[in-house]
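Colleague: Mind having a look at this structure? Questions to follow.
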Amino acid sequence: MFQWDKSIKAVKVPASKVVHLFRSMRDVQLALPGVSAQLASAFLCQYQQDDGVATIAVFHLHKSRMLAFYCSEPRVVPAKKIDSMLDQGLNFVESMGFLMTDQDLHLLDGPDQEMLWASLPLATGLQDEAAGAPAKKTTVPAETSSEKPGGDAAVHKKPTPADSEVPVQVSGQEPVREAPAFDAPGDTPVADAAENVNDLLAAVEALRNKRPGLRARKTLPSAQEIAQRRLQLCQTVGRILASL
């Protein structure tokens, strides 16, 4: 189970402590409790802590400019249980429509790991753009004037498009006016767009089915199961030998 922890703003750990890092291949329309539906991207991260490994799913909602951190329950597990918790995290994120891909962080060199990790919003948090933006200066164009010798100021007026489009009249003819040009409305291929969306969704579903993703893990049979299988095998071999 994963629950939204609104007190978390970023995952403040170095890249060297990140065990697994998954990222969504495309944005998906997502609606969280109390937040309107909008495009979002997803991350799934496992990182080392003092008492084990933590698993966290992060959703980046672009329109609201917010990060939603969903922590696993239990929040920290021993190293031998991280594979099971990773599968639960992938199931949780992909159930919302995301298709996740492994970033293979462990295959990169140290500097490349730090560069990739620092470029992600879940590691640095979202910065407030309005806080550091300089105030824009508004300049009002001043009217230019020239003093005549008589003392009256003659204001030079900038010609407007309406003044420059005065029709020219030829003697004996009506003034010729050009017909206003209207842009022809473009064709809106609504049907084609719907087909493209359906094809894209079908391709994503096919990729999800083909992705090795969740690794199948088999547990060793117990001693009782081994004894029962051995007995069944002996009985089967006995029937085969009796029929010869």
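Each chain in the structure tokens gets a letter, A, B, ..., in the order shown, and its residues are numbered from 1; ligands are numbered from 1 in order too.
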Would you pick out the contacts of A:Tyr70 at 10 Å or less, using only C-alpha atoms, so that residues sharing its chain but fewer than 3 positions from it are not included, and give the list as a ChimeraX atom specification?
Modeller: /A:1-6,8,44,55-59,67,73,75,89,92-93
Colleague: Per residue of stretch 65-96 of chain A within 12 Å of stretch 101-121 of chain A, note the shortest atom pair and the distance in Å to one decimal, counting only C-alpha atoms, and order the rows by chain and increasing residue number, as CSV.
Modeller:
residue,atom,partner,partner_atom,distance
A:Arg65,CA,A:Pro121,CA,10.6
A:Met66,CA,A:Pro121,CA,9.8
A:Leu67,CA,A:Pro121,CA,8.1
A:Ala68,CA,A:Pro121,CA,11.1
A:Phe69,CA,A:Pro121,CA,11.5
A:Leu86,CA,A:Asp102,CA,11.6
A:Leu90,CA,A:Thr101,CA,10.0
A:Val93,CA,A:Thr101,CA,11.6
A:Glu94,CA,A:Thr101,CA,10.8
Colleague: What's around A:Lys63 at 12 Å? Count only C-alpha atoms, leave out sequence neighbours fewer than 2 positions away in its own chain, and write the answer as an MDAnalysis selection string.
Modeller: chainID A and resid 29:31 35:41 60:61 65:67
Colleague: Atom CA of A:His62 to atom CA of A:Gln48: how many Å, to one decimal?
Modeller: 28.1 Å
Colleague: Please measure the separation of atom CA of A:Ser84 and atom CA of A:Gln49, giving the value in Å to one decimal.
Modeller: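 One can read the atom CA of A:Ser84 to atom CA of A:Gln49 distance as 17.5 Å.
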Colleague: One decimal, Å: what's the distance from atom CA of A:Asp27 over to atom CA of A:Ile82, could you say?
Modeller: 26.5 Å
